[in-house]
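Raw target_10.txt, compact mmCIF, C-alpha atoms:
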# COMPACT_ATOMS: atom_id res chain seq x y z
CA MET A 68 -44.25 -33.49 16.39
CA LYS A 69 -40.80 -34.75 15.40
CA VAL A 70 -41.05 -33.01 12.02
CA ARG A 71 -42.00 -29.70 13.69
CA PHE A 72 -39.09 -30.05 16.13
CA LEU A 73 -36.68 -30.82 13.25
CA ILE A 74 -37.86 -27.77 11.27
CA SER A 75 -37.49 -25.54 14.34
CA PHE A 76 -34.00 -26.90 15.00
CA LEU A 77 -32.90 -26.33 11.39
CA TRP A 78 -34.32 -22.78 11.45
CA LEU A 79 -32.48 -21.99 14.70
CA ALA A 80 -29.24 -23.47 13.34
CA THR A 81 -29.56 -21.36 10.20
CA LEU A 82 -29.95 -18.20 12.30
CA VAL A 83 -26.89 -19.10 14.37
CA LEU A 84 -24.79 -19.79 11.26
CA GLN A 85 -25.92 -16.53 9.69
CA ALA A 86 -25.00 -14.63 12.85
CA GLN A 87 -21.60 -16.31 12.95
CA SER A 88 -20.93 -15.59 9.29
CA THR A 89 -21.85 -11.95 9.87
CA GLU A 90 -19.52 -11.70 12.84
CA ASN A 91 -16.67 -13.41 10.95
CA LEU A 92 -16.81 -11.20 7.89
CA GLU A 93 -13.32 -9.92 7.10
CA SER A 94 -12.61 -6.21 7.28
CA VAL A 95 -10.53 -4.29 4.79
CA VAL A 96 -6.85 -4.01 5.77
CA ALA A 97 -5.30 -1.69 3.19
CA ASP A 98 -1.68 -1.09 2.25
CA ARG A 99 -2.61 2.44 1.24
CA PRO A 100 -2.18 5.26 2.04
CA GLY A 101 1.47 6.04 2.66
CA MET A 102 4.76 4.58 1.53
CA ALA A 103 5.30 2.18 4.44
CA THR A 104 3.67 -1.23 4.04
CA GLY A 105 2.03 -3.22 6.82
CA VAL A 106 2.48 -6.94 7.39
CA GLY A 107 -1.18 -7.81 6.75
CA VAL A 108 -1.85 -10.50 4.13
CA LEU A 109 -5.24 -10.95 2.49
CA PRO A 110 -7.25 -13.98 3.67
CA PHE A 111 -7.34 -16.97 1.35
CA LYS A 112 -9.62 -16.61 -1.71
CA THR A 113 -10.28 -12.89 -1.20
CA ILE A 114 -9.76 -9.99 -3.60
CA GLN A 115 -9.09 -6.37 -2.65
CA TRP A 116 -8.88 -3.31 -4.90
CA GLU A 117 -6.98 -0.20 -3.79
CA THR A 118 -6.92 2.91 -5.96
CA GLY A 119 -6.54 6.67 -5.78
CA VAL A 120 -5.41 9.95 -7.34
CA GLN A 121 -2.27 11.82 -6.33
CA TRP A 122 -0.97 15.31 -7.11
CA ASP A 123 2.81 15.74 -7.14
CA TYR A 124 4.89 18.92 -7.06
CA THR A 125 8.50 18.37 -8.13
CA ASN A 126 10.98 21.15 -8.90
CA HIS A 127 8.17 23.64 -9.68
CA GLN A 128 6.51 21.11 -12.00
CA HIS A 129 3.04 19.63 -11.44
CA ALA A 130 2.01 16.04 -12.10
CA PHE A 131 -0.96 13.80 -11.37
CA THR A 132 -0.82 10.07 -10.77
CA LEU A 133 -4.12 8.76 -12.09
CA PRO A 134 -4.82 6.19 -11.32
CA THR A 135 -2.55 4.69 -8.71
CA THR A 136 -4.23 1.31 -8.42
CA MET A 137 -3.50 -2.15 -7.08
CA LEU A 138 -5.33 -5.49 -7.07
CA ARG A 139 -4.51 -7.96 -4.30
CA PHE A 140 -5.42 -11.66 -4.38
CA GLY A 141 -5.30 -14.01 -1.37
CA VAL A 142 -3.79 -17.17 -2.90
CA ALA A 143 -2.96 -18.99 0.35
CA PRO A 144 -3.63 -18.56 4.08
CA PHE A 145 -0.17 -16.98 4.37
CA ALA A 146 0.39 -15.31 0.98
CA GLU A 147 -1.10 -12.93 -1.57
CA LEU A 148 -0.34 -11.87 -5.13
CA ARG A 149 -0.40 -8.22 -6.20
CA LEU A 150 -0.84 -6.39 -9.50
CA GLU A 151 -0.13 -2.65 -9.55
CA TYR A 152 -0.43 0.02 -12.25
CA ASP A 153 0.27 3.76 -12.16
CA GLY A 154 -0.14 6.35 -14.88
CA THR A 155 1.33 9.84 -14.68
CA LEU A 156 -0.04 13.02 -16.25
CA TYR A 157 2.85 15.49 -16.19
CA GLN A 158 3.94 18.86 -17.50
CA THR A 159 6.43 19.14 -20.35
CA ALA A 160 8.46 22.28 -20.98
CA GLU A 161 7.96 23.41 -24.57
CA LEU A 162 9.47 26.45 -26.29
CA ILE A 163 6.12 28.18 -26.72
CA ALA A 164 3.96 26.88 -23.87
CA THR A 165 3.76 24.23 -21.20
CA LYS A 166 1.99 21.09 -22.37
CA TRP A 167 0.75 17.96 -20.66
CA ALA A 168 1.68 14.38 -21.48
CA TYR A 169 0.60 11.01 -20.09
CA GLN A 170 3.15 8.36 -19.21
CA VAL A 171 2.34 4.71 -18.66
CA GLU A 172 4.40 3.55 -15.69
CA PRO A 173 5.81 0.01 -15.41
CA LEU A 174 3.43 -2.79 -14.50
CA ILE A 175 4.31 -4.12 -11.04
CA LEU A 176 3.79 -7.77 -10.12
CA GLY A 177 4.43 -8.82 -6.56
CA THR A 178 3.77 -11.11 -3.64
CA LYS A 179 3.53 -10.62 0.12
CA ILE A 180 4.21 -13.59 2.38
CA ARG A 181 3.56 -13.72 6.12
CA VAL A 182 6.67 -15.06 7.86
CA PHE A 183 5.97 -14.69 11.59
CA ASP A 184 2.83 -13.76 13.55
CA GLY A 185 4.72 -12.03 16.36
CA TRP A 186 5.15 -12.90 20.01
CA LYS A 187 5.15 -10.37 22.85
CA ALA A 188 7.77 -7.74 21.91
CA VAL A 189 8.92 -9.71 18.85
CA PRO A 190 7.30 -8.04 15.81
CA LYS A 191 5.10 -9.57 13.17
CA ILE A 192 7.15 -10.12 10.01
CA SER A 193 6.24 -10.36 6.33
CA PHE A 194 8.25 -10.45 3.12
CA LEU A 195 7.33 -8.37 0.06
CA ALA A 196 8.81 -8.84 -3.41
CA ASN A 197 7.92 -6.78 -6.50
CA ILE A 198 9.12 -6.69 -10.07
CA ALA A 199 8.43 -3.67 -12.29
CA ILE A 200 8.00 -4.54 -15.97
CA PRO A 201 8.33 -1.65 -18.49
CA ILE A 202 5.33 -1.33 -20.79
CA THR A 203 6.58 1.57 -22.90
CA ASN A 204 10.07 2.83 -23.72
CA GLU A 205 9.43 6.03 -21.78
CA ALA A 206 8.82 4.19 -18.52
CA PHE A 207 12.48 3.21 -18.22
CA HIS A 208 15.45 4.42 -20.25
CA ASN A 209 16.02 0.82 -21.29
CA SER A 210 14.08 -2.44 -21.34
CA HIS A 211 15.37 -3.82 -18.03
CA VAL A 212 12.96 -5.00 -15.38
CA ALA A 213 13.35 -3.59 -11.87
CA PRO A 214 12.97 -5.79 -8.78
CA SER A 215 12.43 -4.60 -5.21
CA LEU A 216 12.62 -6.60 -1.99
CA TYR A 217 11.36 -5.64 1.48
CA LEU A 218 11.18 -6.97 5.01
CA LEU A 219 8.08 -5.67 6.79
CA PHE A 220 7.79 -5.45 10.59
CA GLU A 221 4.89 -4.44 12.82
CA ASN A 222 4.24 -4.19 16.57
CA ASP A 223 0.82 -3.68 18.16
CA VAL A 224 1.67 -1.49 21.14
CA THR A 225 -1.94 -1.09 22.36
CA ASP A 226 -5.37 -1.65 20.86
CA TRP A 227 -5.22 1.88 19.37
CA LEU A 228 -1.49 2.27 18.57
CA ASN A 229 0.81 0.26 16.32
CA ILE A 230 4.26 0.74 14.82
CA CYS A 231 5.23 -0.42 11.33
CA TYR A 232 8.77 -0.33 9.95
CA ASN A 233 10.23 -1.49 6.63
CA LEU A 234 13.67 -2.17 5.22
CA GLY A 235 14.08 -2.74 1.51
CA ALA A 236 16.22 -2.59 -1.62
CA GLU A 237 14.86 -0.99 -4.81
CA TRP A 238 16.39 -1.24 -8.29
CA ASN A 239 15.35 1.37 -10.88
CA GLY A 240 16.00 -0.64 -14.04
CA VAL A 241 19.01 1.48 -14.96
CA ALA A 242 21.66 1.34 -12.22
CA ALA A 243 23.08 -1.97 -11.01
CA VAL A 244 23.23 -0.79 -7.39
CA PRO A 245 19.86 -0.56 -5.61
CA SER A 246 18.62 2.24 -3.38
CA THR A 247 17.98 1.36 0.25
CA PHE A 248 14.47 2.09 1.46
CA VAL A 249 13.78 2.66 5.17
CA ALA A 250 10.36 3.58 6.58
CA LEU A 251 8.89 4.06 10.04
CA CYS A 252 5.15 4.52 10.50
CA VAL A 253 3.09 5.13 13.65
CA GLY A 254 -0.61 4.34 13.27
CA PHE A 255 -3.48 5.49 15.48
CA ALA A 256 -6.99 4.00 15.70
CA MET A 257 -9.40 6.79 16.64
CA GLY A 258 -12.48 4.69 17.26
CA GLU A 259 -13.89 1.91 15.09
CA GLN A 260 -14.08 3.95 11.88
CA TRP A 261 -11.38 6.64 12.01
CA GLY A 262 -7.62 6.21 11.83
CA ALA A 263 -4.49 8.29 11.31
CA PHE A 264 -0.78 7.77 10.70
CA VAL A 265 2.51 9.65 10.63
CA GLU A 266 5.49 8.18 8.84
CA SER A 267 9.01 8.89 7.72
CA TYR A 268 10.19 7.21 4.53
CA ASN A 269 13.72 7.56 3.23
CA TYR A 270 15.88 6.54 0.27
CA PHE A 271 19.65 6.09 0.41
CA THR A 272 21.36 5.87 -2.99
CA ARG A 273 25.04 5.03 -3.27
CA LEU A 274 26.83 7.15 -5.86
CA HIS A 275 30.45 7.06 -7.00
CA THR A 276 31.79 9.36 -4.29
CA HIS A 277 29.06 9.51 -1.66
CA THR A 278 25.64 8.28 -0.55
CA GLU A 279 22.68 10.50 -1.35
CA ALA A 280 19.88 10.60 1.25
CA ASP A 281 16.30 11.60 0.47
CA GLY A 282 14.00 11.95 3.48
CA ASN A 283 10.24 12.51 3.41
CA LEU A 284 7.47 12.96 5.97
CA ASP A 285 3.96 11.63 5.34
CA ILE A 286 0.69 12.11 7.25
CA GLY A 287 -2.78 10.76 6.52
CA PHE A 288 -6.26 9.91 7.77
CA THR A 289 -8.58 7.00 7.04
CA TYR A 290 -12.32 6.51 7.42
CA MET A 291 -14.28 3.26 7.10
CA PRO A 292 -17.95 3.86 6.17
CA HIS A 293 -18.30 0.07 5.88
CA HIS A 294 -16.18 -2.80 7.20
CA ARG A 295 -15.17 -3.61 3.60
CA VAL A 296 -14.48 -0.02 2.44
CA GLN A 297 -11.77 2.41 3.54
CA LEU A 298 -11.42 6.02 2.37
CA ASP A 299 -8.18 7.93 2.82
CA VAL A 300 -6.54 11.33 2.40
CA TYR A 301 -2.83 12.03 2.85
CA ALA A 302 0.02 14.45 2.17
CA SER A 303 3.80 14.11 1.93
CA ILE A 304 6.69 16.58 1.90
CA ASN A 305 10.44 16.39 1.39
CA CYS A 306 12.16 17.13 4.70
CA GLN A 307 15.36 18.64 3.26
CA ASN A 308 13.68 20.87 0.69
CA PRO A 309 9.87 21.15 0.60
CA GLN A 310 10.04 22.76 -2.85
CA LEU A 311 11.92 19.73 -4.16
CA TYR A 312 8.98 17.37 -3.69
CA SER A 313 5.53 17.22 -2.10
CA ASN A 314 2.25 15.45 -2.80
CA VAL A 315 -1.41 15.24 -1.79
CA GLY A 316 -3.71 12.32 -2.53
CA VAL A 317 -7.06 10.65 -1.91
CA GLY A 318 -8.08 7.04 -2.37
CA ILE A 319 -10.26 4.08 -1.58
CA ALA A 320 -9.68 0.45 -0.67
CA TRP A 321 -12.47 -2.10 -1.24
CA LEU A 322 -12.51 -5.69 -0.04
CA ILE A 323 -14.54 -7.15 -2.89
CA ASN A 324 -15.31 -10.66 -1.67
CA PRO A 325 -14.90 -11.49 2.04
As structure tokens, how would this structure be written, given the file I've shared?
Amino acid sequence: MKVRFLISFLWLATLVLQAQSTENLESVVADRPGMATGVGVLPFKTIQWETGVQWDYTNHQHAFTLPTTMLRFGVAPFAELRLEYDGTLYQTAELIATKWAYQVEPLILGTKIRVFDGWKAVPKISFLANIAIPITNEAFHNSHVAPSLYLLFENDVTDWLNICYNLGAEWNGVAAVPSTFVALCVGFAMGEQWGAFVESYNYFTRLHTHTEADGNLDIGFTYMPHHRVQLDVYASINCQNPQLYSNVGVGIAWLINP
């Protein structure tokens, strides 16, 4: 009788633990799409892969970023490491005909650290640091590495609306003075699976006689067919001159091991 009771108890406990583990499975929280970056840090000992394809239109020239891909690793309860690679297929102007060439972009190593979890109107805060390492001579005009530093802020206004804003400094590996990066993103949760966002991201570069401003508007949609998979589609356009720059892209984010 005692043995039967013990077996029944262990079986019931196993069911409860399985139910709890199912309920506590982590969901994907992606940094893509868009240029603004949220404060979310991967849970400890998890790995997430985010990748996509992007078409760019710049000064009447076409280019494809394939892939734009990033691996994120949760290395502590409050921090993650990031490895990012982009490759660009672009048009080259030849005397006879237009040809295509592929450029290996710098390898980007980075970390995101959660600083503050937020309290009432005080936003959540994270710190993001990247360093771009040239792989080929074409990636940068010299062999200098290029760091970038960002403060990331986020407020959950309601259960379906949040606001994300970033302030950063980006070096390009050539100039000693960085560009200032400012982004504001409004995100909408349209049910459990669908989401959307609208953002403004801007670069301010100090030149010898003036500061050059470059403003862009980005919009996108996300869909989660599974709690560990997010699909996205987005588009961006230059606010001052749409013919100067625009892009369209699609992608996927996959939380590999919850």
task: For Trp261 of chain A, work out the shell of residues within 9 Å, counting all atoms listed in the file and skipping chain neighbours fewer than 3 positions away, then give it as a list of chain:residue names.
output: A:Phe255, A:Ala256, A:Met257, A:Gly258, A:Phe288, A:Thr289, A:Tyr290, A:Met291
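Shortest atom-to-atom contact with Ser313 of chain A among A:Asn197, A:Thr125, A:Thr118, A:Thr247: A:Thr125, counting only C-alpha atoms.
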- request: Name the residues in contact with Phe194 of chain A at a cut-off of 6 Å, using all atoms listed in the file, excluding same-chain residues fewer than 3 positions from it; report them as number ranges by chain.
  value: A: 179-180, 217-218
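Of the listed residues (A:Glu266, A:Asp299, A:Asp226, A:Asp123), A:Asp123 comes nearest to Tyr157 of chain A; the distances count only C-alpha atoms.
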query: Pick the closest to Asn324 of chain A from A:Gly101, A:Pro214, A:Pro110, A:Gly240: which is it, counting only C-alpha atoms?
result: A:Pro110
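Compared by their closest atoms to Tyr169 of chain A, and using all atoms listed in the file, the residues A:Asp184, A:Phe131, A:Glu151, A:Glu279 rank with A:Phe131 nearest.
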field: Straight-line distance linking atom CA of Leu150 of chain A with atom CA of Leu138 of chain A, stated in Å to one decimal
entry: 5.2 Å
- prompt: Any idea what the distance is between atom CA of Val106 of chain A and atom CA of Cys231 of chain A?
  reply: 8.1 Å
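With only C-alpha atoms as the atoms that count, the residue of A:Asn126, A:Thr203, A:Ser303, A:Ser193 with the shortest distance to Met102 of chain A is A:Ser303.
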- request: Please measure the separation of atom CA of Tyr124 of chain A and atom CA of Pro245 of chain A, giving the value in Å to one decimal.
  value: 24.6 Å
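Minimum atom-to-atom distance to Thr132 of chain A, evaluated using all atoms listed in the file, belongs to A:Leu156 out of A:Cys306, A:Ala146, A:Leu156, A:Ile114.
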